[in-house]
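For reference, the structure is listed below as structure tokens.
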Amino acid sequence: MESDLQSQRVPVDINFAPPAALVELAARVKDFVVEKVIPYEKDPRWTSHGPTDALRLELNELARTAGVFAPHVPEEFGGKGLSFIGHALVFEAAGYSMLGPMAIHCASPDEGNIHLLDVVGRPDQRGHFLKRMATGEIRSIFCMTEPGGGAGSDPSLLQTTAELVGNEWVINGRKWLITGAEGAGCAIIMARNEGGPMHGHATMFLADLPDAAIRIERTLDTMDSSFTGGHGVIEIEDLRLPADAVLGEVGKGFRYAQVRLAPARLTHCMRWLGSANRAHDIASSYARERVAFGKKLGEHEGVSFMLADNAMDIHLARLAIWHTAWLLDKGDKAANESSMAKVICSEAIARVADRCVQILGGLGMTRDTVVERIFRDTRAFRIYDGPSEVHRWALGARIVAGKM
Ligand SMILES: Cc1cc2nc3c(=O)[nH]c(=O)nc-3n(C[C@H](O)[C@H](O)[C@H](O)COP(=O)(O)OP(=O)(O)OC[C@H]3O[C@@H](n4cnc5c(N)ncnc54)[C@H](O)[C@@H]3O)c2cc1C
């Protein structure tokens, strides 16, 4: 009996102390962001449609010099092939400036696309597309969502078609909200098969850009502004691709979308958590300095409670990320956990940003601090990669069906 109890005192495999090498790498990324990237936040090349490619390339060069460029990508492309826990530490550090992920080349949508090609791409596709994406030579886009009643929260509404004519795929359709469209060097396009044994199934295709058959109708004016290339509306008219332009297997597009989305929604959580830290640090400094009604703002309970709530939301978000990352590293698909983490983090981070604006008062409304931009940019995170309601609905359906 005594020996049984003793054996239960042995620490089990739940470890909140990541390897020292990862902690050191994340610290170097954070130092790089603070010293080299934050000074660029007032650069006029950070436009309302995102940082320009010129700004991106300049920051990429600084990251290479500092030895922190793309540490997450596979080793064959110069990275360190980080674990998901490694991603969590490094991406949170990068997110301390909204320009940080772009600077070290872990921004969306490239980061998710690189992961997808690493898992699904053929050797020749790795050579032609993945290598150039991973090294930052080109940017990539992921084309799923459609305007006018097509694919959105419900991907089964996909309207873009792909028909095999002789030895070529012919693709037609319209896409919108496509992040990074302006200036991208390749596209992953989701389309529905017309005819053939896989009629009606979805397939992913890889296309080089620019291509005259893929026209950017316009770049949308959106609330957010931290993604290079903005968010485009794209018309695809008689795009002709070779038969082997398929990514993975014909008809498995929706399955691969999950390969991309489960980790991709978690890496969004990691980067935005970094921005929440930044907003909280700015608001905390203000609360320590600013005097109102005879004492520091932070000495007023109403303000200190907001700071405490921020700390709790940040802690909660980090725990959800680390647990899901730990599951992914063990080979678990973590479908439920990544859904929960996405909702927990996107909502917690939004609450933090909102409180920070409130603590800063009028200053919070201005662009004199980056908090205003963090507030605007994090709003969309409750919509892309699955709106909160869709995740709640899917989780609830699994609970009711007794599967969770
Ligand atoms: C900034 C930004 C970047 C994006 N980047 C890309 C990109 O690069 N590539 C790409 O393909 N797409 C991209 N998207 C599109 C994004 O994936 C879609 O906006 C998202 O999937 C929601 O689809 P929708 O906009 O068509 O909303 P709809 O499907 O019209 O849904 C509208 C709202 O209805 C509610 N709703 C829907 N279904 C349910 C349900 N079952 N239960 C309860 N409520 C529900 C939700 O509140 C939802 O927000 C981006 C979007 C944004 C905002």
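Every chain in the structure tokens has a letter given in the order shown (A, B, ...), and although residue numbers restart at 1 in each chain, ligands are simply numbered from 1 in the order shown.
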Problem set entry | Given 10 Å and only C-alpha atoms and all ligand atoms, residues near ligand 1 as a PyMOL selection string | chain A and resi 108-110+140-155+157+175-181+188-190+220+222-227+230-232+377-394
Could you give me, as JSON lines, a per-residue list for stretch 60-154 of chain A showing, wherever an atom lies at most 10 Å from an atom of stretch 325-331 of chain A, the closest pair of atoms and their distance in Å to one decimal, using only C-alpha atoms and sorting by chain then residue number from low to high?
{"residue": "A:Ser83", "atom": "CA", "partner": "A:Asp329", "partner_atom": "CA", "distance": 6.3}
{"residue": "A:Phe84", "atom": "CA", "partner": "A:Ala325", "partner_atom": "CA", "distance": 5.0}
{"residue": "A:Ile85", "atom": "CA", "partner": "A:Ala325", "partner_atom": "CA", "distance": 5.3}
{"residue": "A:Gly86", "atom": "CA", "partner": "A:Ala325", "partner_atom": "CA", "distance": 8.7}
{"residue": "A:His87", "atom": "CA", "partner": "A:Ala325", "partner_atom": "CA", "distance": 8.3}
{"residue": "A:Ala88", "atom": "CA", "partner": "A:Ala325", "partner_atom": "CA", "distance": 7.3}
Please produce an output containing N, CA and C atoms for each residue in the selection, written as a CSV table (one decimal), in the first residue's frame.
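Ended up saving to again.csv:
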chain,number,residue,atom,x,y,z
A,83,SER,N,8.9,21.5,-32.9
A,83,SER,CA,7.7,20.8,-32.5
A,83,SER,C,6.6,21.9,-32.3
A,84,PHE,N,5.3,21.4,-32.1
A,84,PHE,CA,4.2,22.4,-31.9
A,84,PHE,C,4.5,23.2,-30.6
A,85,ILE,N,5.0,22.5,-29.5
A,85,ILE,CA,5.3,23.3,-28.3
A,85,ILE,C,6.4,24.4,-28.7
A,86,GLY,N,7.3,24.0,-29.5
A,86,GLY,CA,8.3,25.0,-30.0
A,86,GLY,C,7.6,26.1,-30.8
A,87,HIS,N,6.7,25.8,-31.6
A,87,HIS,CA,5.9,26.8,-32.3
A,87,HIS,C,5.3,27.8,-31.3
A,88,ALA,N,4.7,27.2,-30.2
A,88,ALA,CA,3.9,28.0,-29.2
A,88,ALA,C,4.8,29.0,-28.6
Problem set entry | A:Val33 surroundings by only C-alpha atoms, 8 Å radius, close-in-sequence under 3 positions cut, as a PyMOL selection string | chain A and resi 29-30+36-38+93-94+96-97+100
For this session: List every residue of stretch 162-257 of chain A that DSSP, applied to the backbone, labels as helix (DSSP H, G or I), and write the result as a ChimeraX atom specification.
Result: /A:243-245,253-257
Output of the above residues as an mmCIF file, in the first residue's frame, restricted to N, CA, C and O atoms:
data_model
loop_
_atom_site.group_PDB
_atom_site.id
_atom_site.type_symbol
_atom_site.label_atom_id
_atom_site.label_comp_id
_atom_site.auth_asym_id
_atom_site.auth_seq_id
_atom_site.Cartn_x
_atom_site.Cartn_y
_atom_site.Cartn_z
ATOM 1 N N ALA A 243 -2.368 17.844 -65.329
ATOM 2 C CA ALA A 243 -3.094 16.820 -64.550
ATOM 3 C C ALA A 243 -2.456 16.609 -63.183
ATOM 4 O O ALA A 243 -3.144 16.307 -62.204
ATOM 5 N N ASP A 244 -1.124 16.795 -63.087
ATOM 6 C CA ASP A 244 -0.466 16.534 -61.799
ATOM 7 C C ASP A 244 -0.406 17.771 -60.888
ATOM 8 O O ASP A 244 0.341 17.790 -59.913
ATOM 9 N N ALA A 245 -1.234 18.772 -61.195
ATOM 10 C CA ALA A 245 -1.262 19.972 -60.328
ATOM 11 C C ALA A 245 -2.053 19.727 -59.046
ATOM 12 O O ALA A 245 -2.169 20.618 -58.197
ATOM 13 N N GLY A 253 -9.876 16.987 -50.848
ATOM 14 C CA GLY A 253 -9.649 18.390 -50.478
ATOM 15 C C GLY A 253 -10.124 18.737 -49.082
ATOM 16 O O GLY A 253 -9.422 19.412 -48.330
ATOM 17 N N PHE A 254 -11.315 18.280 -48.706
ATOM 18 C CA PHE A 254 -11.833 18.652 -47.379
ATOM 19 C C PHE A 254 -10.991 18.019 -46.276
ATOM 20 O O PHE A 254 -10.787 18.615 -45.217
ATOM 21 N N ARG A 255 -10.502 16.793 -46.544
ATOM 22 C CA ARG A 255 -9.658 16.145 -45.534
ATOM 23 C C ARG A 255 -8.365 16.934 -45.338
ATOM 24 O O ARG A 255 -7.923 17.176 -44.222
ATOM 25 N N TYR A 256 -7.771 17.376 -46.464
ATOM 26 C CA TYR A 256 -6.525 18.144 -46.342
ATOM 27 C C TYR A 256 -6.777 19.509 -45.696
ATOM 28 O O TYR A 256 -5.905 20.058 -45.040
ATOM 29 N N ALA A 257 -7.986 20.045 -45.912
ATOM 30 C CA ALA A 257 -8.301 21.344 -45.276
ATOM 31 C C ALA A 257 -8.188 21.191 -43.763
ATOM 32 O O ALA A 257 -7.727 22.096 -43.065
#
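Nearest residue to A:Met404 among A:Ala264, A:Leu99, A:Ile344, A:Ala335 is A:Ala335, counting only C-alpha atoms.
Take the candidates A:Pro101, A:Pro71, A:Gly166, A:Gly121 and check each one against A:Gly248 using only C-alpha atoms; the shortest distance goes to A:Gly121.
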For this session: Work out how far apart atom CA of A:Ala283 and atom CA of A:Cys269 are and give it in Å to one decimal.
Result: 20.7 Å
Exercise. If you count only C-alpha atoms, which residues fall within 8 Å of stretch 309-313 of chain A, apart from same-chain ones fewer than 3 positions away, as a count of residues only?
Worked result: 10
Exercise. For A:Ala107, which of A:Leu82, A:Val246, A:Met270, A:Val34 is the closest residue, counting only C-alpha atoms?
Worked result: A:Met270
